[in-house]
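**Student:** Below: one structure in structure tokens.
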Amino acid sequence: MKLNKFCALSAMAIAAAAFTASAAFGADAPKRLTGGGSNIMYIITPSHSNPFFKTEAEVAAATAKKLGYEVKAVSHDDSPVKQSELFETAISDKAAAIICDNAGADATVAAVKRAYDNNIPTFLIDREINEQGIAQAQIVANNYQGAKGSAEVFVEAMGEEGEYAELLGLESDTNAKTRSTAFHEVIDQYPDMKMVAQQTANWDQNLAYQKMETILNSHPNLKGVISGNDNMAVGAAAAIKAAGKTLKIIGVDGSNDARDEIKAGNMTSTAMQPAALIAQTAVEQADKYLKTGATGKPEKQLIDCVIITKKNADKLNNFSYSK
């Protein structure tokens, strides 16, 4: 009798422990977000004056419409304040989901968290944020791999020696640091290659032109330029051409403008980020998540870049590569 009572008490204790563990696990499990209640998919990106951001916005919009969503495509112009306002508007509109190429790795965290708290899933493209668990996906190009590959082409084109300058992107953008680090991991191995100037041009073509003019005046023996994106590389190429010179120039993105400069011999290489594929993937995963509660993929997803030179430039079009 005592043995039976002991067994019963033990069974009750085990069941209680199992329930407590289950409850604890449930508390830690990710919350399923079902959307704000409307059929609107918000697409928030930097300015569409940059062909990269224009492509990802257009592809995301076309994919969302094909899947039956109403689309609102807007730009934060790399302003965290404007981005925050756009997230609030999306929340007020009861957006089904938000696709966002963000305005800062730290500055964007609070906006994504507000969407999360309002039951709206966010799918980040191109740029990561410095927190996990609040966005349903962070889908980005493998910037390290792409920049490193382009730097290897640069070293070969430079003959492993000579003076060069670097144009840096927007400091708040994690991609700017990642690309610069990857460039230097390759180039700094060659002692006869010397960086004589480093300027921030904020991803902007016109600003890069101006910065390049100044650099050329100060460094007449300049032999090459490494650029954090194609917009700046194309601006640098224009300034170099206006000065009557031809230098080795590399970029990252894979724009048609960069392709044409490579074909003309005014640029050496770029690393094509598959912007169209990333944007399409994000929208398709958002649709799947809203319908099933899961994407079937990890939050952080890397997609490799394609190194573009004169040999394969004809295969590049609008940030897509035809094999």
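Ordered as shown in the structure tokens, chains take letters A, B, and onward, while each chain numbers its residues from 1 and ligands are numbered from 1 in the order shown.
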DSSP on the backbone: what in segment 33-189 of chain A comes out helix (DSSP H, G or I), as a ChimeraX atom specification?
**Tutor:** /A:51-66,80-92,109-117,143-157,174-187
**Student:** Based on the backbone DSSP call, show me all residues of segment 51-247 of chain A assigned strand (DSSP E or B), as a VMD selection string.
**Tutor:** chain A and resid 70 to 75 97 to 100 122 to 125 137 to 141 162 to 168 193 to 200 222 to 227
**Student:** List the neighbours of segment 110-123 of chain A out to 7 Å using only C-alpha atoms; skip same-chain residues closer than 5 positions along the sequence, and give me the result as a list in words.
**Tutor:**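 That gives Leu33, Thr34, Gly35, Gly36, Ser84, Phe87, Ile91, Ala95, Ala96, Ala97, Ile98, Ile99, Cys100, Ile134, Ala135, Gln136, Ala137, Gln138, Ala282 and Ala286 of chain A.
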**Student:** Could you save those same residues with N, CA and C atoms as a PDB file, in the first residue's frame?
**Tutor:**
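And here is the file that came out, result_1.pdb:
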```pdb
ATOM      1  N   LEU A  33       3.874  35.173 -35.665  1.00  0.00           N
ATOM      2  CA  LEU A  33       3.238  36.425 -36.046  1.00  0.00           C
ATOM      3  C   LEU A  33       2.321  36.168 -37.241  1.00  0.00           C
ATOM      4  N   THR A  34       1.106  36.639 -37.156  1.00  0.00           N
ATOM      5  CA  THR A  34       0.123  36.346 -38.208  1.00  0.00           C
ATOM      6  C   THR A  34      -0.187  37.554 -39.091  1.00  0.00           C
ATOM      7  N   GLY A  35       0.497  38.681 -38.849  1.00  0.00           N
ATOM      8  CA  GLY A  35       0.253  39.871 -39.662  1.00  0.00           C
ATOM      9  C   GLY A  35      -0.697  40.827 -38.976  1.00  0.00           C
ATOM     10  N   GLY A  36      -0.717  42.065 -39.435  1.00  0.00           N
ATOM     11  CA  GLY A  36      -1.537  43.090 -38.792  1.00  0.00           C
ATOM     12  C   GLY A  36      -3.015  43.011 -39.097  1.00  0.00           C
ATOM     13  N   SER A  84      11.772  54.898 -39.145  1.00  0.00           N
ATOM     14  CA  SER A  84      10.909  54.686 -37.983  1.00  0.00           C
ATOM     15  C   SER A  84       9.483  55.143 -38.278  1.00  0.00           C
ATOM     16  N   PHE A  87       7.788  52.600 -40.559  1.00  0.00           N
ATOM     17  CA  PHE A  87       7.357  51.413 -39.802  1.00  0.00           C
ATOM     18  C   PHE A  87       6.067  51.715 -39.043  1.00  0.00           C
ATOM     19  N   ILE A  91       2.518  49.829 -39.447  1.00  0.00           N
ATOM     20  CA  ILE A  91       1.777  49.288 -38.301  1.00  0.00           C
ATOM     21  C   ILE A  91       0.347  49.834 -38.289  1.00  0.00           C
ATOM     22  N   ALA A  95      -0.201  46.228 -41.722  1.00  0.00           N
ATOM     23  CA  ALA A  95       0.513  45.489 -42.769  1.00  0.00           C
ATOM     24  C   ALA A  95       0.563  43.998 -42.472  1.00  0.00           C
ATOM     25  N   ALA A  96       0.484  43.211 -43.531  1.00  0.00           N
ATOM     26  CA  ALA A  96       0.622  41.765 -43.383  1.00  0.00           C
ATOM     27  C   ALA A  96       2.070  41.406 -43.057  1.00  0.00           C
ATOM     28  N   ALA A  97       3.018  42.091 -43.728  1.00  0.00           N
ATOM     29  CA  ALA A  97       4.443  41.851 -43.509  1.00  0.00           C
ATOM     30  C   ALA A  97       5.213  43.054 -44.028  1.00  0.00           C
ATOM     31  N   ILE A  98       6.468  43.159 -43.568  1.00  0.00           N
ATOM     32  CA  ILE A  98       7.353  44.235 -44.011  1.00  0.00           C
ATOM     33  C   ILE A  98       8.623  43.628 -44.592  1.00  0.00           C
ATOM     34  N   ILE A  99       8.978  44.060 -45.797  1.00  0.00           N
ATOM     35  CA  ILE A  99      10.257  43.713 -46.415  1.00  0.00           C
ATOM     36  C   ILE A  99      11.112  44.974 -46.305  1.00  0.00           C
ATOM     37  N   CYS A 100      12.306  44.870 -45.715  1.00  0.00           N
ATOM     38  CA  CYS A 100      13.075  46.083 -45.448  1.00  0.00           C
ATOM     39  C   CYS A 100      14.566  45.916 -45.710  1.00  0.00           C
ATOM     40  N   ILE A 134      14.016  38.907 -33.663  1.00  0.00           N
ATOM     41  CA  ILE A 134      12.860  39.791 -33.847  1.00  0.00           C
ATOM     42  C   ILE A 134      12.454  39.907 -35.317  1.00  0.00           C
ATOM     43  N   ALA A 135      13.385  39.653 -36.223  1.00  0.00           N
ATOM     44  CA  ALA A 135      13.056  39.563 -37.651  1.00  0.00           C
ATOM     45  C   ALA A 135      12.891  38.086 -37.999  1.00  0.00           C
ATOM     46  N   GLN A 136      11.986  37.805 -38.922  1.00  0.00           N
ATOM     47  CA  GLN A 136      11.780  36.403 -39.310  1.00  0.00           C
ATOM     48  C   GLN A 136      12.898  35.922 -40.230  1.00  0.00           C
ATOM     49  N   ALA A 137      13.530  36.846 -40.947  1.00  0.00           N
ATOM     50  CA  ALA A 137      14.652  36.473 -41.814  1.00  0.00           C
ATOM     51  C   ALA A 137      15.555  37.680 -42.031  1.00  0.00           C
ATOM     52  N   GLN A 138      16.843  37.401 -42.194  1.00  0.00           N
ATOM     53  CA  GLN A 138      17.822  38.398 -42.609  1.00  0.00           C
ATOM     54  C   GLN A 138      18.577  37.771 -43.785  1.00  0.00           C
ATOM     55  N   ALA A 282      12.818  36.872 -50.225  1.00  0.00           N
ATOM     56  CA  ALA A 282      12.246  37.441 -49.004  1.00  0.00           C
ATOM     57  C   ALA A 282      10.719  37.477 -49.067  1.00  0.00           C
ATOM     58  N   ALA A 286       8.110  35.411 -46.819  1.00  0.00           N
ATOM     59  CA  ALA A 286       7.084  36.123 -46.046  1.00  0.00           C
ATOM     60  C   ALA A 286       5.710  35.495 -46.284  1.00  0.00           C
TER      61      ALA A 286
END
```
**Student:** May I have the residues within 9 Å of segment 207-218 of chain A as a list in words, using only C-alpha atoms and disregarding those fewer than 6 positions away in the same chain?
**Tutor:**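 Once the nearby chain positions are removed, what remains is Ala165, Leu167, Val196, Ala197, Gln198, Gln199, Thr200, Ala201, Asn231, Met232, Ala233, Val234, Gly235, Ala236, Ala237, Ala238, Ala239, Ile240 and Ala243 of chain A.
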**Student:** Could you check the closest approach to Ala276 of chain A for each of A:Gly104, A:Gly149, A:Pro51, A:Gly296 and tell me which residue wins, using only C-alpha atoms?
**Tutor:**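 Distance minimum relative to Ala276 of chain A lands on A:Pro51.
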**Student:** Identify which of the residues A:Gly293, A:Asn206, A:Gly224, A:Ile250 lies closest to Ser49 of chain A, counting only C-alpha atoms when measuring atom-to-atom distances.
**Tutor:**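 For Ser49 of chain A, the nearest of the given residues is A:Asn206.
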**Student:** Which residues, written as a VMD selection string, have at least one atom at most 12 Å from Ser47 of chain A, with only C-alpha atoms counted and residues fewer than 5 positions away on the same chain left out?
**Tutor:** chain A and resid 52 to 57 73 to 79 82 to 83 101 to 103 203 to 204
**Student:** I want to know what sits within 9 Å of Lys311 of chain A, based on only C-alpha atoms, with residues of the same chain fewer than 3 positions away left out; could you give that as an mmCIF file with N, CA and C atoms, in the first residue's frame?
**Tutor:**
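This went into around.cif:
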```cif
data_model
loop_
_atom_site.group_PDB
_atom_site.id
_atom_site.type_symbol
_atom_site.label_atom_id
_atom_site.label_comp_id
_atom_site.auth_asym_id
_atom_site.auth_seq_id
_atom_site.Cartn_x
_atom_site.Cartn_y
_atom_site.Cartn_z
ATOM 1 N N LYS A 263 33.161 46.542 -69.391
ATOM 2 C CA LYS A 263 33.264 46.198 -70.816
ATOM 3 C C LYS A 263 34.066 47.242 -71.591
ATOM 4 N N ILE A 308 32.462 39.539 -61.373
ATOM 5 C CA ILE A 308 32.263 39.964 -62.757
ATOM 6 C C ILE A 308 33.528 40.647 -63.278
ATOM 7 N N ASP A 314 28.979 40.179 -70.026
ATOM 8 C CA ASP A 314 27.770 40.072 -70.863
ATOM 9 C C ASP A 314 26.662 39.262 -70.199
#
```
**Student:** Can you work out which one of A:Thr181, A:Gln273, A:Gln189, A:Gln205 has the shortest atom-to-atom distance to Ser320 of chain A, counting only C-alpha atoms?
**Tutor:** A:Gln273
**Student:** Fewer than 3 positions away in the same chain doesn't count, so skip those; otherwise give me all residues within 9 Å of Ala157 of chain A, counting only C-alpha atoms, as a PyMOL selection string.
**Tutor:** chain A and resi 152-154+160+248+268
**Student:** Using Å and a single decimal, report how far atom CA of Thr309 of chain A sits from atom CA of Met158 of chain A.
**Tutor:**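 Computing it gives 14.4 Å between the two atoms.
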**Student:** Quick one: pull the distance between atom CA of Asp126 of chain A and atom CA of Phe183 of chain A, Å, one decimal.
**Tutor:** 18.7 Å
**Student:** Measure the distance from atom CA of Ala271 of chain A to atom CA of Asn143 of chain A in Å and round it to one decimal.
**Tutor:** 8.5 Å
**Student:** Which is closest to Gly159 of chain A among A:Met193, A:Ile44, A:Ala141, A:Ala147, if we use only C-alpha atoms?
**Tutor:** A:Met193
